[in-house]
Amino acid sequence: MSSRNLLNLVLLVVVAVLVTVLIIDPGKKETPVIKLTNLSKSDINKIKIERPGAKTVVLEKKNDKWHMLKPYAMPADNFKANAISELAETKAKAHYPIKKGENLKPYGLAPARLSVTLNNKVKLEFGNIESLKYLRYIRENNTLYLIFDHFFSNISNPPAEFVDHKLLAGKPVITKLQLPKLTLTADGDKWQAQPPVKQLSNDQVNELLDNWHGAHATDILAYTPGKARVDAQARLYIKGQSKPLVFDIIHNKHMVSFARADIGLQYEFSSDVAEDMLKLPSKIGKDKAKRISSKPEPGKK
């Protein structure tokens, strides 16, 4: 290698080192990570949500599943509960000590818009959005934090929204299904229909029961009996339970509600989903099934 090339190589290395030094700046200290709490999201097993003018929501996790204790004793929406748990590890963009006697009204914290208590230990109070970077004010004890907020809209939902949207918890054994125009009763290994259904098959009933077991509501609302006109009722008799589950059927413009007066909740379904839950599916006879299977595929003759 010539001396000129060697010199150029040395100069190139020196320049690269200087650029690296300028970028890294070893004399500059890293900004410490500021978290809202010292808790881990995986450790969160209890959440309490308090909001002025709304019922308190209490969620508890057991065996990796969330359950609502208040205001409804029901399985909870795991996705929404886990999302709230992430508050424990949320990083703040800035934080300030709150001075004794400081007016917190400008921050929307006198009173707070809502609060979330994690594991009965840490209470996080939500205030307003600041106007410069649209960060949310959060108070924890004597410290004021600013965070990028994607929590408030979820946490401020009505209590019913934290209930699991699955209509039937687990997969209960249904022994009798009383629909507006049909009653199906298990009789040993077979099902009986009233009024009688010609050539009733277990496959038809099982498909109907699967529609109930797999039903997930698009929305859940609080239900007050007497406020809406009830069009019909459905009753589900469950093995091991003395009383049936009673659903008030309420038809709206595009939705059908399955409302339970006993717990004060109504589950919203699209009309087509509700229809599949309220009538026996058609039976495909052998001749019809043969015709269907013998039809050519699209594009083939």
# chains A, B, ... in the order shown; residues from 1 in each chain; ligands from 1

$ select_by_dssp --residues "segment 17-216 of chain A" --states "alpha helix (DSSP H)" --output "VMD selection string"
chain A and resid 17 to 24 78 to 85 152 to 155 202 to 213

$ residues_around --residues "segment 109-120 of chain A" --least-positions-apart "5" --cutoff "12 Å" --atoms "only C-alpha atoms" --output "short mmCIF file (atom, residue, chain, number, x, y, z; two decimals) with N, CA, C and O atoms, in the first residue's frame"
data_model
loop_
_atom_site.label_atom_id
_atom_site.label_comp_id
_atom_site.auth_asym_id
_atom_site.auth_seq_id
_atom_site.Cartn_x
_atom_site.Cartn_y
_atom_site.Cartn_z
N LEU A 36 -44.82 5.31 35.61
CA LEU A 36 -45.88 5.74 36.52
C LEU A 36 -45.83 4.97 37.84
O LEU A 36 -46.18 5.51 38.89
N THR A 37 -45.43 3.71 37.78
CA THR A 37 -45.40 2.89 39.00
C THR A 37 -44.16 2.01 39.01
O THR A 37 -43.45 1.89 38.00
N ASN A 38 -43.92 1.37 40.13
CA ASN A 38 -42.85 0.39 40.24
C ASN A 38 -43.38 -1.04 40.06
O ASN A 38 -42.65 -2.01 40.31
N LEU A 39 -44.62 -1.13 39.66
CA LEU A 39 -45.24 -2.44 39.48
C LEU A 39 -44.98 -2.96 38.07
O LEU A 39 -44.72 -2.20 37.15
N SER A 40 -45.11 -4.27 37.93
CA SER A 40 -45.04 -4.90 36.61
C SER A 40 -46.45 -5.23 36.16
O SER A 40 -47.30 -5.61 36.97
N LYS A 41 -46.72 -5.08 34.85
CA LYS A 41 -48.07 -5.35 34.36
C LYS A 41 -48.48 -6.81 34.60
O LYS A 41 -49.66 -7.12 34.79
N SER A 42 -47.49 -7.72 34.62
CA SER A 42 -47.81 -9.13 34.86
C SER A 42 -48.20 -9.39 36.31
O SER A 42 -48.77 -10.43 36.62
N ASP A 43 -47.87 -8.45 37.19
CA ASP A 43 -48.22 -8.60 38.62
C ASP A 43 -49.61 -8.07 38.95
O ASP A 43 -50.11 -8.28 40.05
N ILE A 44 -50.23 -7.36 38.02
CA ILE A 44 -51.53 -6.73 38.30
C ILE A 44 -52.61 -7.80 38.33
O ILE A 44 -52.83 -8.52 37.37
N ASN A 45 -53.29 -7.90 39.47
CA ASN A 45 -54.38 -8.87 39.60
C ASN A 45 -55.67 -8.24 40.12
O ASN A 45 -56.66 -8.94 40.31
N LYS A 46 -55.63 -6.92 40.34
CA LYS A 46 -56.86 -6.25 40.76
C LYS A 46 -56.85 -4.82 40.23
O LYS A 46 -55.84 -4.11 40.33
N ILE A 47 -57.98 -4.41 39.67
CA ILE A 47 -58.13 -3.07 39.10
C ILE A 47 -59.44 -2.47 39.60
O ILE A 47 -60.48 -3.12 39.55
N LYS A 48 -59.35 -1.25 40.08
CA LYS A 48 -60.56 -0.53 40.48
C LYS A 48 -60.63 0.78 39.69
O LYS A 48 -59.66 1.54 39.67
N ILE A 49 -61.76 1.00 39.04
CA ILE A 49 -61.96 2.20 38.24
C ILE A 49 -63.07 3.02 38.89
O ILE A 49 -64.19 2.53 39.09
N GLU A 50 -62.77 4.27 39.19
CA GLU A 50 -63.75 5.18 39.80
C GLU A 50 -63.90 6.41 38.91
O GLU A 50 -62.91 6.99 38.47
N ARG A 51 -65.16 6.77 38.66
CA ARG A 51 -65.45 7.91 37.80
C ARG A 51 -66.66 8.64 38.34
O ARG A 51 -67.66 8.00 38.68
N PRO A 52 -66.59 9.97 38.46
CA PRO A 52 -67.75 10.73 38.97
C PRO A 52 -69.00 10.44 38.16
O PRO A 52 -68.98 10.44 36.93
N GLY A 53 -70.09 10.13 38.85
CA GLY A 53 -71.36 9.89 38.19
C GLY A 53 -71.54 8.52 37.61
O GLY A 53 -72.55 8.25 36.95
N ALA A 54 -70.57 7.63 37.81
CA ALA A 54 -70.67 6.27 37.27
C ALA A 54 -70.40 5.26 38.38
O ALA A 54 -69.77 5.57 39.39
N LYS A 55 -70.89 4.05 38.18
CA LYS A 55 -70.65 2.99 39.15
C LYS A 55 -69.19 2.57 39.16
O LYS A 55 -68.53 2.56 38.12
N THR A 56 -68.68 2.24 40.34
CA THR A 56 -67.31 1.77 40.46
C THR A 56 -67.17 0.40 39.82
O THR A 56 -68.01 -0.48 40.01
N VAL A 57 -66.10 0.22 39.06
CA VAL A 57 -65.80 -1.06 38.41
C VAL A 57 -64.63 -1.72 39.15
O VAL A 57 -63.60 -1.09 39.36
N VAL A 58 -64.82 -2.97 39.55
CA VAL A 58 -63.76 -3.73 40.20
C VAL A 58 -63.53 -5.01 39.40
O VAL A 58 -64.45 -5.80 39.19
N LEU A 59 -62.28 -5.20 38.94
CA LEU A 59 -61.89 -6.36 38.17
C LEU A 59 -60.83 -7.14 38.93
O LEU A 59 -59.95 -6.54 39.54
N GLU A 60 -60.91 -8.45 38.86
CA GLU A 60 -59.93 -9.29 39.56
C GLU A 60 -59.49 -10.43 38.65
O GLU A 60 -60.32 -11.03 37.95
N LYS A 61 -58.18 -10.72 38.66
CA LYS A 61 -57.66 -11.79 37.82
C LYS A 61 -57.37 -13.03 38.64
O LYS A 61 -56.68 -12.98 39.65
N ALA A 81 -59.09 -5.55 30.16
CA ALA A 81 -58.46 -5.55 31.48
C ALA A 81 -56.94 -5.59 31.36
O ALA A 81 -56.23 -4.86 32.07
N ASN A 82 -56.42 -6.41 30.47
CA ASN A 82 -54.97 -6.49 30.28
C ASN A 82 -54.42 -5.18 29.75
O ASN A 82 -53.29 -4.78 30.09
N ILE A 84 -55.51 -2.21 30.47
CA ILE A 84 -55.41 -1.29 31.60
C ILE A 84 -54.20 -1.64 32.46
O ILE A 84 -53.53 -0.76 33.02
N SER A 85 -53.87 -2.93 32.57
CA SER A 85 -52.72 -3.36 33.36
C SER A 85 -51.42 -2.74 32.86
O SER A 85 -50.46 -2.58 33.63
N GLU A 86 -51.37 -2.39 31.58
CA GLU A 86 -50.16 -1.80 31.01
C GLU A 86 -49.85 -0.42 31.59
O GLU A 86 -48.74 0.09 31.41
N LEU A 87 -50.82 0.16 32.27
CA LEU A 87 -50.55 1.43 32.96
C LEU A 87 -49.38 1.29 33.93
O LEU A 87 -48.62 2.24 34.14
N ALA A 88 -49.23 0.11 34.51
CA ALA A 88 -48.19 -0.11 35.52
C ALA A 88 -46.80 0.19 34.98
O ALA A 88 -45.93 0.67 35.71
N GLU A 89 -46.57 -0.09 33.70
CA GLU A 89 -45.24 0.08 33.11
C GLU A 89 -45.17 1.24 32.13
O GLU A 89 -44.18 1.39 31.42
N ILE A 98 -45.66 17.88 43.08
CA ILE A 98 -46.82 18.73 43.37
C ILE A 98 -46.56 19.45 44.69
O ILE A 98 -46.31 18.82 45.73
N GLY A 101 -50.55 22.47 48.70
CA GLY A 101 -51.56 23.49 48.48
C GLY A 101 -51.68 23.95 47.04
O GLY A 101 -52.44 24.89 46.75
N GLU A 102 -50.97 23.30 46.11
CA GLU A 102 -51.02 23.72 44.70
C GLU A 102 -52.42 23.49 44.12
O GLU A 102 -53.06 22.47 44.39
N ASN A 103 -52.86 24.45 43.31
CA ASN A 103 -54.17 24.35 42.66
C ASN A 103 -54.08 23.38 41.49
O ASN A 103 -53.38 23.63 40.50
N LEU A 104 -54.80 22.26 41.57
CA LEU A 104 -54.75 21.24 40.52
C LEU A 104 -55.90 21.34 39.53
O LEU A 104 -56.01 20.53 38.61
N GLU A 125 -54.63 9.06 39.07
CA GLU A 125 -55.74 9.95 38.79
C GLU A 125 -55.53 10.64 37.44
O GLU A 125 -54.47 11.19 37.18
N PHE A 126 -56.55 10.58 36.59
CA PHE A 126 -56.46 11.12 35.24
C PHE A 126 -57.03 12.53 35.20
O PHE A 126 -58.15 12.77 35.66
N GLY A 127 -56.26 13.43 34.59
CA GLY A 127 -56.71 14.81 34.42
C GLY A 127 -56.96 15.13 32.96
O GLY A 127 -57.35 14.27 32.18
N ASN A 128 -56.72 16.38 32.59
CA ASN A 128 -56.97 16.85 31.23
C ASN A 128 -55.80 16.53 30.30
O ASN A 128 -54.75 16.05 30.73
N ILE A 129 -55.99 16.87 29.03
CA ILE A 129 -54.92 16.82 28.02
C ILE A 129 -54.29 18.20 27.94
O ILE A 129 -55.01 19.21 27.83
N ARG A 136 -51.44 13.57 28.47
CA ARG A 136 -52.44 13.48 29.54
C ARG A 136 -51.76 13.71 30.89
O ARG A 136 -50.70 13.15 31.18
N TYR A 137 -52.40 14.53 31.73
CA TYR A 137 -51.92 14.71 33.10
C TYR A 137 -52.38 13.53 33.96
O TYR A 137 -53.55 13.15 33.96
N ILE A 138 -51.43 12.94 34.67
CA ILE A 138 -51.72 11.85 35.61
C ILE A 138 -51.12 12.20 36.96
O ILE A 138 -49.94 12.58 37.04
N ARG A 139 -51.91 12.05 37.98
CA ARG A 139 -51.39 12.28 39.34
C ARG A 139 -51.25 10.95 40.05
O ARG A 139 -52.15 10.12 40.05
N GLU A 140 -50.07 10.76 40.66
CA GLU A 140 -49.85 9.62 41.55
C GLU A 140 -49.23 10.15 42.83
O GLU A 140 -48.09 10.61 42.85
N ASN A 141 -50.03 10.13 43.88
CA ASN A 141 -49.59 10.66 45.17
C ASN A 141 -49.20 12.14 45.02
O ASN A 141 -50.05 12.96 44.68
N LEU A 144 -46.88 14.75 39.56
CA LEU A 144 -47.69 14.96 38.38
C LEU A 144 -46.90 14.47 37.16
O LEU A 144 -45.76 14.86 36.95
N TYR A 145 -47.52 13.59 36.37
CA TYR A 145 -46.87 13.01 35.21
C TYR A 145 -47.57 13.46 33.93
O TYR A 145 -48.76 13.82 33.94
N PHE A 151 -55.16 5.34 26.99
CA PHE A 151 -55.89 4.60 28.01
C PHE A 151 -57.27 5.18 28.30
O PHE A 151 -58.21 4.44 28.57
N PHE A 152 -57.38 6.51 28.26
CA PHE A 152 -58.57 7.17 28.79
C PHE A 152 -59.86 6.71 28.13
O PHE A 152 -60.86 6.45 28.79
N SER A 153 -59.86 6.61 26.79
CA SER A 153 -61.09 6.25 26.09
C SER A 153 -61.57 4.86 26.48
O SER A 153 -62.77 4.61 26.56
N ASN A 154 -60.64 3.95 26.72
CA ASN A 154 -61.01 2.59 27.14
C ASN A 154 -61.52 2.59 28.58
O ASN A 154 -62.58 2.03 28.88
N ILE A 155 -60.79 3.25 29.46
CA ILE A 155 -61.14 3.23 30.88
C ILE A 155 -62.44 3.96 31.15
O ILE A 155 -63.19 3.60 32.08
N SER A 156 -62.76 4.96 30.35
CA SER A 156 -63.96 5.76 30.59
C SER A 156 -65.23 5.14 30.01
O SER A 156 -66.29 5.75 30.07
N ASN A 157 -65.12 3.93 29.46
CA ASN A 157 -66.31 3.24 28.95
C ASN A 157 -67.30 2.96 30.08
O ASN A 157 -66.90 2.82 31.24
#

$ closest_residue --among "A:Leu245, A:Ala215, A:Ala92, A:Leu182" --to "Ser270 of chain A" --atoms "only C-alpha atoms"
A:Ala215

$ closest_residue --among "A:Ala234, A:Ile220, A:Ile250, A:Leu167" --to "Ser271 of chain A" --atoms "only C-alpha atoms"
A:Ile250

$ residues_around --residues "Val163 of chain A" --least-positions-apart "2" --cutoff "10 Å" --atoms "only C-alpha atoms" --output "number ranges by chain"
A: 59, 66-68, 72-78, 80-81, 159-161, 165-167, 219-221, 265

$ residues_around --residues "Thr183 of chain A" --least-positions-apart "3" --cutoff "6 Å" --atoms "only C-alpha atoms" --output "ChimeraX atom specification"
/A:177-179,193-194

$ closest_residue --among "A:Leu200, A:Ile249, A:Glu275, A:Lys99" --to "Ala228 of chain A" --atoms "only C-alpha atoms"
A:Ile249

$ residues_around --residues "segment 258-260 of chain A" --least-positions-apart "5" --cutoff "7 Å" --atoms "only C-alpha atoms" --output "list of chain:residue names"
A:Tyr223, A:Val246, A:Phe247, A:Asp248, A:Ile249, A:Ile250, A:Leu265, A:Gln266, A:Tyr267, A:Glu268

$ atom_distance --atom1 "atom CA of Asn202 of chain A" --atom2 "atom CA of Leu278 of chain A"
16.5 Å

$ closest_atom_pairs --of "segment 170-226 of chain A" --to "segment 235-238 of chain A" --cutoff "12 Å" --atoms "only C-alpha atoms" --output "Markdown table"
| residue | atom | partner | partner_atom | distance |
| --- | --- | --- | --- | --- |
| A:Gly170 | CA | A:Ile238 | CA | 11.9 |
| A:Lys171 | CA | A:Ile238 | CA | 10.1 |
| A:Pro172 | CA | A:Ile238 | CA | 6.4 |
| A:Val173 | CA | A:Ile238 | CA | 5.7 |
| A:Ile174 | CA | A:Ile238 | CA | 4.7 |
| A:Thr175 | CA | A:Tyr237 | CA | 5.6 |
| A:Lys176 | CA | A:Tyr237 | CA | 5.0 |
| A:Leu177 | CA | A:Leu236 | CA | 4.9 |
| A:Gln178 | CA | A:Arg235 | CA | 4.9 |
| A:Leu179 | CA | A:Arg235 | CA | 6.7 |
| A:Pro180 | CA | A:Arg235 | CA | 9.1 |
| A:Lys181 | CA | A:Arg235 | CA | 11.8 |
| A:Leu182 | CA | A:Arg235 | CA | 10.9 |
| A:Thr183 | CA | A:Arg235 | CA | 9.2 |
| A:Leu184 | CA | A:Leu236 | CA | 9.9 |
| A:Thr185 | CA | A:Tyr237 | CA | 9.2 |
| A:Ala186 | CA | A:Tyr237 | CA | 10.3 |
| A:Leu209 | CA | A:Leu236 | CA | 10.3 |
| A:Trp212 | CA | A:Leu236 | CA | 9.8 |
| A:His213 | CA | A:Leu236 | CA | 11.4 |
